[in-house]
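Participant: Structure: structure39.cif, mmCIF, C-alpha atoms.
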data_run
#
loop_
_atom_site.label_atom_id
_atom_site.label_comp_id
_atom_site.auth_asym_id
_atom_site.auth_seq_id
_atom_site.Cartn_x
_atom_site.Cartn_y
_atom_site.Cartn_z
CA MET L 1 0.00 0.00 0.00
CA ALA L 2 1.25 3.47 -0.89
CA ASP L 3 2.75 5.32 2.08
CA TYR L 4 2.49 9.12 1.94
CA GLU L 5 1.59 11.94 4.32
CA PRO L 6 0.92 15.69 3.98
CA ARG L 7 3.89 17.97 4.70
CA GLY L 8 2.48 21.36 3.77
CA GLU L 9 -0.34 23.12 2.00
CA ASN L 10 0.22 21.30 -1.29
CA SER L 11 3.16 18.93 -0.61
CA TRP L 12 3.31 15.28 0.50
CA ARG L 13 6.14 13.04 1.68
CA LEU L 14 6.45 9.63 0.04
CA THR L 15 8.06 6.81 2.05
CA ILE L 16 9.46 3.49 0.88
CA SER L 17 10.26 0.98 3.66
CA LEU L 18 13.13 -1.40 2.99
CA GLY L 19 13.09 -3.47 6.17
CA LYS L 20 15.74 -3.30 8.91
CA GLY L 21 19.44 -2.75 8.66
CA PRO L 22 22.26 -4.64 10.48
CA ASN L 23 21.78 -2.40 13.53
CA GLY L 24 18.05 -3.20 13.73
CA LYS L 25 16.95 0.25 12.58
CA LYS L 26 14.32 0.59 9.88
CA ILE L 27 15.58 1.65 6.47
CA ARG L 28 13.40 4.20 4.72
CA LYS L 29 13.73 6.24 1.55
CA ARG L 30 11.75 9.44 1.39
CA ARG L 31 10.85 12.02 -1.22
CA THR L 32 8.67 15.13 -1.09
CA VAL L 33 6.40 15.91 -4.02
CA THR L 34 4.55 19.16 -4.67
CA VAL L 35 1.20 19.28 -6.45
CA GLU L 36 0.57 22.50 -8.40
CA ASP L 37 -2.42 21.49 -10.54
CA PRO L 38 -5.62 23.03 -9.00
CA ALA L 39 -7.80 20.37 -10.68
CA ILE L 40 -5.92 17.62 -8.79
CA LEU L 41 -5.96 19.50 -5.49
CA LYS L 42 -9.74 20.04 -5.65
CA SER L 43 -10.53 16.33 -6.16
CA LYS L 44 -9.62 13.81 -3.41
CA LYS L 45 -9.97 10.97 -5.89
CA LYS L 46 -7.58 12.59 -8.41
CA LEU L 47 -5.17 13.54 -5.65
CA ASP L 48 -5.06 9.97 -4.26
CA GLN L 49 -4.57 8.59 -7.77
CA TYR L 50 -1.73 11.05 -8.47
CA LEU L 51 0.06 10.35 -5.16
CA ASN L 52 -0.29 6.59 -5.63
CA GLU L 53 1.28 6.87 -9.09
CA GLU L 54 4.13 9.02 -7.78
CA TRP L 55 4.72 6.61 -4.89
CA LEU L 56 4.79 3.63 -7.29
CA LYS L 57 7.29 5.38 -9.59
CA PHE L 58 9.40 6.21 -6.56
CA LYS L 59 9.27 2.59 -5.39
CA ILE L 60 10.40 1.30 -8.81
CA GLU L 61 13.24 3.84 -8.83
CA VAL L 62 14.42 2.79 -5.37
CA GLU L 63 14.25 -0.93 -6.12
CA ALA L 64 16.10 -0.43 -9.41
CA GLY L 65 18.93 1.31 -7.58
CA ALA L 66 18.37 4.53 -9.56
CA TYR L 67 17.32 6.59 -6.54
CA ILE L 68 19.84 9.13 -5.32
CA ASP L 69 19.52 9.79 -1.60
CA ALA L 70 20.49 13.35 -0.81
CA SER L 71 20.77 12.64 2.89
CA LYS L 72 24.40 13.35 3.92
CA MET L 73 25.52 13.12 0.28
CA LYS L 74 28.77 14.97 -0.27
CA PHE L 75 29.18 17.06 -3.38
CA SER L 76 31.95 14.75 -4.61
CA ASP L 77 29.60 11.75 -4.28
CA PHE L 78 26.96 13.49 -6.33
CA VAL L 79 29.49 14.36 -9.02
CA ASN L 80 30.14 10.61 -9.36
CA GLU L 81 26.40 10.07 -9.83
CA TRP L 82 26.23 12.97 -12.30
CA ARG L 83 29.12 11.50 -14.28
CA ASP L 84 27.61 7.99 -14.36
CA LYS L 85 23.98 8.89 -15.02
CA TYR L 86 24.35 11.97 -17.21
CA ALA L 87 27.76 13.26 -18.28
CA SER L 88 29.16 9.99 -19.68
CA ASN L 89 26.29 9.81 -22.19
CA PRO L 90 27.51 11.43 -25.49
CA LYS L 91 23.93 12.57 -26.12
CA ASN L 92 24.25 14.87 -23.11
CA LEU L 93 27.91 15.94 -23.30
CA SER L 94 30.39 15.31 -26.08
CA PRO L 95 33.56 13.46 -24.97
CA THR L 96 35.67 16.58 -25.58
CA THR L 97 33.34 18.79 -23.55
CA LEU L 98 33.31 16.24 -20.72
CA GLU L 99 37.12 16.15 -20.77
CA ILE L 100 37.26 19.93 -20.24
CA TYR L 101 34.57 19.65 -17.53
CA GLU L 102 36.63 17.00 -15.76
CA VAL L 103 39.75 19.18 -15.74
CA HIS L 104 37.90 22.00 -13.97
CA ILE L 105 36.12 19.59 -11.62
CA ARG L 106 39.39 17.97 -10.51
CA SER L 107 41.52 21.09 -10.30
CA ARG L 108 39.06 23.74 -9.10
CA ILE L 109 35.65 22.54 -7.97
CA ILE L 110 36.24 19.36 -5.95
CA PRO L 111 39.05 20.87 -3.81
CA VAL L 112 36.61 23.57 -2.65
CA PHE L 113 33.21 21.84 -2.56
CA GLY L 114 33.97 18.10 -2.62
CA HIS L 115 33.76 17.56 1.16
CA ILE L 116 30.56 19.64 1.64
CA ARG L 117 27.08 18.13 1.62
CA ILE L 118 25.48 19.16 -1.65
CA ASP L 119 22.35 20.50 0.06
CA GLN L 120 24.54 22.82 2.17
CA ILE L 121 26.14 24.59 -0.79
CA ASN L 122 24.33 27.89 -1.18
CA ALA L 123 24.56 30.79 -3.59
CA MET L 124 26.83 32.81 -1.29
CA LYS L 125 29.45 30.03 -1.19
CA ILE L 126 29.44 29.83 -4.97
CA VAL L 127 29.71 33.61 -5.40
CA THR L 128 32.64 33.68 -2.93
CA PHE L 129 34.33 30.87 -4.89
CA LEU L 130 33.88 32.58 -8.27
CA ASN L 131 35.05 35.96 -6.93
CA ALA L 132 38.22 34.33 -5.55
CA LEU L 133 39.05 33.10 -9.05
CA GLU L 134 39.17 36.70 -10.26
CA LYS L 135 41.89 37.70 -7.78
CA PRO L 136 45.63 37.74 -8.58
CA GLY L 137 47.37 34.50 -7.66
CA SER L 138 44.37 32.29 -8.40
CA ARG L 139 46.08 30.61 -11.33
CA LEU L 140 47.53 27.11 -10.93
CA ASP L 141 50.51 27.74 -13.20
CA GLY L 142 52.21 30.07 -10.73
CA ARG L 143 51.53 33.30 -12.61
CA ASP L 144 50.37 36.27 -10.52
CA ASP L 145 47.71 37.58 -12.89
CA PRO L 146 44.04 36.58 -12.38
CA LEU L 147 42.47 33.57 -14.04
CA ASP L 148 41.22 34.30 -17.54
CA ALA L 149 37.60 35.48 -17.60
CA SER L 150 36.62 32.87 -20.19
CA THR L 151 37.97 30.11 -17.93
CA ILE L 152 35.97 31.44 -14.96
CA GLY L 153 32.92 31.47 -17.22
CA PHE L 154 33.49 27.83 -18.11
CA ILE L 155 33.80 26.84 -14.43
CA TYR L 156 30.49 28.63 -13.81
CA ARG L 157 29.01 26.60 -16.69
CA VAL L 158 30.21 23.32 -15.12
CA LEU L 159 28.67 24.18 -11.74
CA LYS L 160 25.41 25.19 -13.40
CA ASN L 161 25.18 21.87 -15.21
CA ILE L 162 25.88 19.80 -12.09
CA PHE L 163 23.40 21.67 -9.89
CA ALA L 164 20.77 21.60 -12.65
CA ARG L 165 20.91 17.79 -12.55
CA ALA L 166 20.78 17.80 -8.72
CA ASP L 167 17.65 19.97 -8.90
CA GLU L 168 16.12 17.87 -11.67
CA TRP L 169 16.65 14.65 -9.68
CA ASN L 170 15.22 16.17 -6.48
CA VAL L 171 18.54 15.84 -4.65
CA ILE L 172 18.32 19.48 -3.53
CA LYS L 173 15.30 21.59 -2.63
CA GLU L 174 16.69 24.78 -4.16
CA ASN L 175 19.21 25.28 -6.92
CA PRO L 176 21.95 27.65 -5.64
CA MET L 177 22.79 28.61 -9.23
CA ASP L 178 19.33 30.08 -9.86
CA GLY L 179 19.65 33.81 -10.20
CA LEU L 180 23.45 33.80 -10.34
CA SER L 181 24.64 35.66 -13.42
CA LYS L 182 27.52 34.33 -15.47
CA PRO L 183 30.74 36.20 -14.62
CA LYS L 184 31.36 38.97 -17.11
CA GLU L 185 34.03 38.35 -19.69
CA LYS L 186 36.50 40.98 -20.83
CA ASP L 187 35.06 43.82 -22.85
CA ALA L 188 35.97 44.34 -26.48
CA LYS L 189 38.53 47.05 -25.66
CA THR L 190 40.41 44.83 -23.19
CA LYS L 191 40.44 41.94 -25.64
CA MET L 192 41.76 44.23 -28.37
CA LEU L 193 44.59 45.50 -26.14
CA GLU L 194 45.57 41.93 -25.25
CA GLN L 195 45.48 40.95 -28.91
CA ARG L 196 47.82 43.83 -29.74
CA LYS L 197 50.17 42.84 -26.92
CA ASN L 198 50.43 39.21 -28.03
CA PRO L 199 48.55 38.59 -31.30
CA GLN L 200 47.66 34.93 -31.79
CA PHE L 201 48.64 34.87 -35.45
CA TYR L 202 51.72 35.40 -37.59
CA ASP L 203 52.21 38.10 -40.18
CA GLU L 204 54.13 37.39 -43.38
CA LYS L 205 57.54 38.17 -41.88
CA GLU L 206 57.02 35.87 -38.88
CA ALA L 207 55.49 33.16 -41.05
CA GLN L 208 58.64 33.13 -43.18
CA LEU L 209 60.74 32.60 -40.05
CA VAL L 210 58.52 29.65 -39.13
CA VAL L 211 58.84 28.10 -42.60
CA ASP L 212 62.63 28.53 -42.58
CA ALA L 213 62.81 26.78 -39.20
CA LEU L 214 60.49 24.00 -40.33
CA TYR L 215 62.92 23.08 -43.09
CA LYS L 216 65.33 22.12 -40.31
CA GLU L 217 62.79 19.60 -38.98
CA SER L 218 61.43 16.29 -40.30
CA ARG L 219 59.22 16.30 -43.36
CA LYS L 220 56.30 14.87 -41.40
CA TRP L 221 56.22 17.68 -38.86
CA ARG L 222 56.84 20.31 -41.52
CA LEU L 223 53.81 19.14 -43.50
CA LEU L 224 51.63 18.84 -40.40
CA ILE L 225 52.38 22.39 -39.18
CA LEU L 226 51.98 23.85 -42.66
CA GLY L 227 48.68 21.98 -42.96
CA SER L 228 47.43 24.32 -40.27
CA MET L 229 49.30 27.52 -41.15
CA ILE L 230 48.56 27.30 -44.89
CA GLY L 231 45.57 24.96 -45.01
CA GLY L 232 43.74 26.36 -41.98
CA CYS L 233 43.17 22.86 -40.55
CA ARG L 234 42.34 22.24 -36.92
CA ARG L 235 44.67 20.06 -34.86
CA GLY L 236 42.14 17.20 -34.63
CA GLU L 237 41.50 17.34 -38.38
CA LEU L 238 45.21 16.86 -39.12
CA ILE L 239 45.55 14.01 -36.61
CA ALA L 240 42.58 12.25 -38.24
CA LEU L 241 43.64 12.83 -41.86
CA GLU L 242 44.06 9.62 -43.88
CA TRP L 243 45.64 9.12 -47.30
CA GLN L 244 42.31 8.29 -48.92
CA PHE L 245 41.36 11.95 -48.39
CA VAL L 246 44.48 13.31 -50.09
CA ASN L 247 43.92 13.96 -53.80
CA PHE L 248 47.30 14.30 -55.50
CA GLU L 249 45.74 14.74 -58.96
CA GLU L 250 43.52 17.67 -58.01
CA GLY L 251 45.96 19.06 -55.44
CA HIS L 252 43.67 19.14 -52.42
CA ILE L 253 42.88 17.45 -49.12
CA GLU L 254 39.41 16.61 -47.84
CA ILE L 255 38.40 17.13 -44.22
CA ASP L 256 36.06 14.31 -43.28
CA ASN L 257 37.11 13.27 -39.77
CA ASN L 258 38.27 14.73 -36.47
CA ILE L 259 40.11 13.38 -33.41
CA PRO L 260 39.55 15.95 -30.65
CA LEU L 261 40.38 13.62 -27.75
CA THR L 262 42.34 10.54 -26.66
CA LYS L 263 40.70 8.47 -23.93
CA ASP L 264 42.22 5.42 -22.24
CA GLY L 265 44.94 5.40 -24.88
CA LYS L 266 42.47 5.31 -27.79
CA ALA L 267 41.58 8.07 -30.22
CA VAL L 268 38.02 9.40 -29.92
CA GLU L 269 36.83 9.98 -33.47
CA LYS L 270 33.92 12.19 -34.40
CA GLY L 271 32.91 14.21 -37.39
CA PRO L 272 34.31 17.70 -38.00
CA LYS L 273 33.06 20.50 -35.76
CA SER L 274 30.14 21.56 -37.99
CA THR L 275 28.61 20.85 -41.39
CA ALA L 276 30.72 23.68 -42.80
CA SER L 277 33.83 21.95 -41.48
CA TYR L 278 33.39 19.12 -44.00
CA ARG L 279 35.40 20.77 -46.75
CA THR L 280 37.95 20.45 -49.55
CA ILE L 281 41.12 22.53 -49.17
CA ASP L 282 43.25 23.37 -52.21
CA MET L 283 46.95 23.33 -51.36
CA PRO L 284 49.92 24.90 -53.19
CA ASP L 285 51.71 22.74 -55.78
CA TRP L 286 54.93 22.71 -53.77
CA TYR L 287 53.07 21.39 -50.71
CA ILE L 288 51.42 18.61 -52.75
CA ASP L 289 54.78 17.70 -54.32
CA GLU L 290 56.37 17.34 -50.88
CA LEU L 291 53.34 15.39 -49.68
CA LYS L 292 53.96 12.92 -52.55
CA THR L 293 57.55 12.47 -51.39
CA TYR L 294 56.39 11.97 -47.82
CA TYR L 295 53.84 9.35 -48.99
CA ARG L 296 56.63 7.28 -50.54
CA GLU L 297 58.56 7.53 -47.27
CA TRP L 298 55.37 6.61 -45.38
CA VAL L 299 54.88 3.41 -47.44
CA LEU L 300 58.48 2.34 -46.87
CA GLU L 301 58.14 3.03 -43.14
CA LYS L 302 55.01 0.86 -42.91
CA LYS L 303 56.75 -1.96 -44.79
CA HIS L 304 59.79 -1.69 -42.53
CA LEU L 305 57.63 -1.90 -39.37
CA GLY L 306 56.03 -5.16 -40.51
CA THR L 307 54.26 -6.83 -37.57
CA LYS L 308 55.00 -3.79 -35.38
CA TRP L 309 52.53 -1.77 -37.46
CA LEU L 310 49.52 -1.17 -35.19
CA GLY L 311 47.39 0.90 -37.57
CA GLU L 312 45.70 -2.19 -39.04
CA GLU L 313 43.89 -1.05 -42.23
CA ARG L 314 43.82 2.61 -41.26
CA GLN L 315 46.23 4.94 -43.08
CA PHE L 316 46.72 8.01 -40.92
CA VAL L 317 48.96 10.50 -42.70
CA PHE L 318 50.61 11.81 -39.53
CA HIS L 319 50.79 8.66 -37.40
CA ASN L 320 52.67 8.13 -34.13
CA GLY L 321 55.38 5.93 -35.63
CA LYS L 322 53.35 2.72 -35.35
CA GLY L 323 50.42 3.57 -37.62
CA GLN L 324 48.13 4.92 -34.89
CA PRO L 325 46.92 8.52 -34.45
CA TYR L 326 48.95 10.85 -32.26
CA TYR L 327 47.76 11.59 -28.72
CA TYR L 328 45.45 14.54 -29.29
CA LYS L 329 47.65 17.10 -27.48
CA HIS L 330 50.96 15.89 -28.90
CA PRO L 331 51.11 18.31 -31.89
CA SER L 332 50.55 21.27 -29.55
CA ARG L 333 53.35 20.11 -27.26
CA TRP L 334 55.69 19.55 -30.22
CA TRP L 335 54.86 23.02 -31.54
CA GLU L 336 55.65 24.68 -28.19
CA ARG L 337 59.03 22.93 -28.03
CA PHE L 338 59.70 23.88 -31.66
CA CYS L 339 59.15 27.59 -30.93
CA LYS L 340 61.56 27.47 -27.98
CA ARG L 341 64.11 25.51 -30.00
CA HIS L 342 64.15 28.08 -32.81
CA ASP L 343 63.50 31.21 -30.71
CA ILE L 344 60.20 31.94 -32.48
CA ARG L 345 57.42 33.96 -30.84
CA TYR L 346 55.05 31.35 -29.46
CA ILE L 347 51.36 31.37 -30.33
CA LYS L 348 48.91 28.59 -29.56
CA PHE L 349 48.62 25.82 -32.15
CA HIS L 350 45.12 27.07 -32.97
CA GLY L 351 46.67 30.43 -33.85
CA LEU L 352 48.47 28.79 -36.78
CA ARG L 353 45.17 28.17 -38.51
CA HIS L 354 44.18 31.82 -38.11
CA SER L 355 47.55 32.91 -39.45
CA MET L 356 46.37 31.41 -42.74
CA GLY L 357 43.58 33.97 -43.02
CA THR L 358 45.86 36.82 -42.00
CA LEU L 359 48.41 35.91 -44.67
CA LEU L 360 45.72 35.77 -47.36
CA LEU L 361 44.23 39.13 -46.42
CA GLU L 362 47.33 41.20 -45.74
CA ASP L 363 48.13 42.08 -49.37
CA GLU L 364 44.53 42.67 -50.43
CA ASP L 365 42.91 46.06 -50.82
CA GLU L 366 39.47 46.86 -49.46
CA SER L 367 37.70 46.19 -52.78
CA ASN L 368 38.63 42.48 -52.64
CA PHE L 369 38.28 42.07 -48.89
CA ASP L 370 34.75 40.63 -48.76
CA SER L 371 35.35 38.02 -51.47
CA ILE L 372 38.62 36.89 -49.85
CA LEU L 373 36.87 36.72 -46.47
CA ILE L 374 34.25 34.37 -47.93
CA ALA L 375 37.02 32.22 -49.41
CA ILE L 376 38.71 32.06 -46.00
CA GLN L 377 35.42 31.13 -44.33
CA ARG L 378 35.08 28.14 -46.64
CA ARG L 379 38.74 27.18 -46.37
CA ILE L 380 38.81 27.38 -42.59
CA GLY L 381 35.39 25.71 -42.14
CA HIS L 382 33.43 28.36 -40.23
CA ALA L 383 29.66 27.91 -40.18
CA ARG L 384 29.04 31.70 -40.18
CA LEU L 385 30.82 34.47 -42.06
CA SER L 386 30.41 36.72 -38.98
CA THR L 387 32.74 34.39 -37.05
CA THR L 388 35.42 34.75 -39.72
CA SER L 389 34.93 38.52 -39.88
CA ASP L 390 35.24 38.91 -36.09
CA ILE L 391 38.49 36.91 -36.00
CA TYR L 392 40.15 38.94 -38.75
CA VAL L 393 38.99 42.38 -37.59
CA HIS L 394 42.65 43.30 -36.96
CA VAL L 395 43.39 42.80 -40.65
CA THR L 396 40.26 44.70 -41.67
CA LYS L 397 41.54 47.82 -39.89
CA LYS L 398 44.98 47.44 -41.47
CA VAL L 399 43.48 47.11 -44.96
CA LYS L 400 41.25 50.15 -44.44
CA GLN L 401 44.21 52.22 -43.25
CA ARG L 402 46.25 51.13 -46.28
CA THR L 403 43.33 51.92 -48.59
CA ALA L 404 42.94 55.41 -47.13
CA GLY L 405 46.68 55.94 -47.50
CA LYS L 406 46.39 55.60 -51.26
CA PHE L 407 44.90 59.11 -51.34
CA ASP L 408 48.10 60.63 -49.91
CA LYS L 409 49.23 61.39 -53.45
CA PHE L 410 46.61 64.10 -53.63
CA SER L 411 48.08 65.96 -50.65
CA ARG L 412 49.20 69.57 -51.36
CA LYS L 413 50.89 70.33 -48.07
CA THR L 414 53.47 73.16 -48.22
CA GLU L 415 55.52 74.97 -45.63
CA SER L 416 53.63 78.21 -46.25
CA ASN L 417 50.00 78.75 -45.43
CA PRO L 418 48.09 77.38 -48.43
CA GLY L 419 45.39 79.97 -47.83
CA SER L 420 47.69 83.01 -48.03
CA ILE L 421 47.93 85.19 -51.12
CA GLY L 422 51.22 86.71 -52.17
CA VAL L 423 51.45 90.54 -52.30
#
If you took the structure in this file and wrote it as structure tokens, what would it be?
Facilitator:
Amino acid sequence: MADYEPRGENSWRLTISLGKGPNGKKIRKRRTVTVEDPAILKSKKKLDQYLNEEWLKFKIEVEAGAYIDASKMKFSDFVNEWRDKYASNPKNLSPTTLEIYEVHIRSRIIPVFGHIRIDQINAMKIVTFLNALEKPGSRLDGRDDPLDASTIGFIYRVLKNIFARADEWNVIKENPMDGLSKPKEKDAKTKMLEQRKNPQFYDEKEAQLVVDALYKESRKWRLLILGSMIGGCRRGELIALEWQFVNFEEGHIEIDNNIPLTKDGKAVEKGPKSTASYRTIDMPDWYIDELKTYYREWVLEKKHLGTKWLGEERQFVFHNGKGQPYYYKHPSRWWERFCKRHDIRYIKFHGLRHSMGTLLLEDEDESNFDSILIAIQRRIGHARLSTTSDIYVHVTKKVKQRTAGKFDKFSRKTESNPGSIGV
């Protein structure tokens, strides 16, 4: 028989009895339900039917082991439940997103909230935590400057997701994230000043230094880096590239796969970032010629490895030496070491791909700017032209200044006052 009792004006407590524990005490699971529908509240028959149904669903949940008891549950315990019942499902969070979530959970969130009961974490504690991240010295890499605003925003996003599930599963009575605004990111002026201080792209002069240094490295790494700096490819797209998507006759490569993550030693493959990211990229003749040479070396290397080849039937262009894809962060780490080795200004690996657009736009005048921007959008795989335009706003200003400068030839400046009339 259903066991429930009134707890307020329109709330009832459901109880499931599970017998006695080892200490002789009765084991009960309880849940409070609130009835908002006036039609149900006005009819005793409808109310009894509704409460019986809710009690039965609760009973099935408890017996199936799916019930999460909030009583004395620490935040860290709930995160384990959240991970198992929600986050690990790719339909809810992509593997790459979950990986980023996990980094922030391990490094930032659990050390502060892990030992606290989840129902005792209130809005004030969260606000205090987020404010502390904005103070100098909050970084984990030893630098004195505050944590980047975008990183703080992502940590806020992780907390919001976790507490949303706790609220949805009736683990907490109130969601402490309700009403808490996302921390403000840097304004456009601040971002522009930071971009000027350390632009995350190379101009033509710097790009030439990179190319010169690359010719002191192996052919494989030279082609991989140039695949980003000239082709505009993402790191995961290059790691996932296979020979079947290299067209030597037409002189292009096709982007049809992406490896954004390595989990438990295995590459996590998924399609490119968006529909627009499925694309064909024309490459210069000299790049294709060197790619042909590298392919011949690749075939000989596979033959030499024999039984040590672990790629099976897959033919990854830039494999890890045994036919398998590189660990997803390996190209970025190689690139950082490369910059130090050759005393080149370091930009993030992702900045290489945006250098491609900068190099294409730098020598254009304003009349061709829009058409080149559209070509870059397609080459780089952006879903929206506005995204491409926002990224290359620094070049837009440079082009406009150069265009305006073309009218300098009409200047009639003289040392004397041009308005004076000789006597």
Participant: Which of these, L:Val317, L:Leu305, L:Ile255, L:Ala267, has the shortest distance to Trp243 in chain L once you count all atoms listed in the file?
Facilitator: L:Val317
Participant: Give as a ChimeraX atom specification the residues that the PyMOL selection byres ((chain L and resi 336) around 12) matches when applied to the coordinates above.
Facilitator: /L:225,329-335,337-350,352
Participant: Would you kindly translate the PyMOL selection byres ((chain L and resi 163-170) around 9) into the concrete residues it picks from this file, as a PyMOL selection string?
Facilitator: chain L and resi 31-32+67-68+70+78+82+86+118+158-162+171-177
Participant: Within 10 Å of Leu359 in chain L, counting all atoms listed in the file, which residues show up once you throw out same-chain ones fewer than 6 positions away? Write them as a ChimeraX atom specification, please.
Facilitator: /L:201-205,207,229-230,395
Participant: From the set L:Leu261, L:Ile281, L:Ile60, L:Val246, which residue has the shortest atom-to-atom contact distance to Arg378 in chain L, counting all atoms listed in the file?
Facilitator: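 Result for the nearest residue to Arg378 in chain L: L:Ile281.
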Participant: What is the distance, in Å and to one decimal place, between CA of Leu360 in chain L and CA of Ile288 in chain L?
Facilitator: 18.9 Å
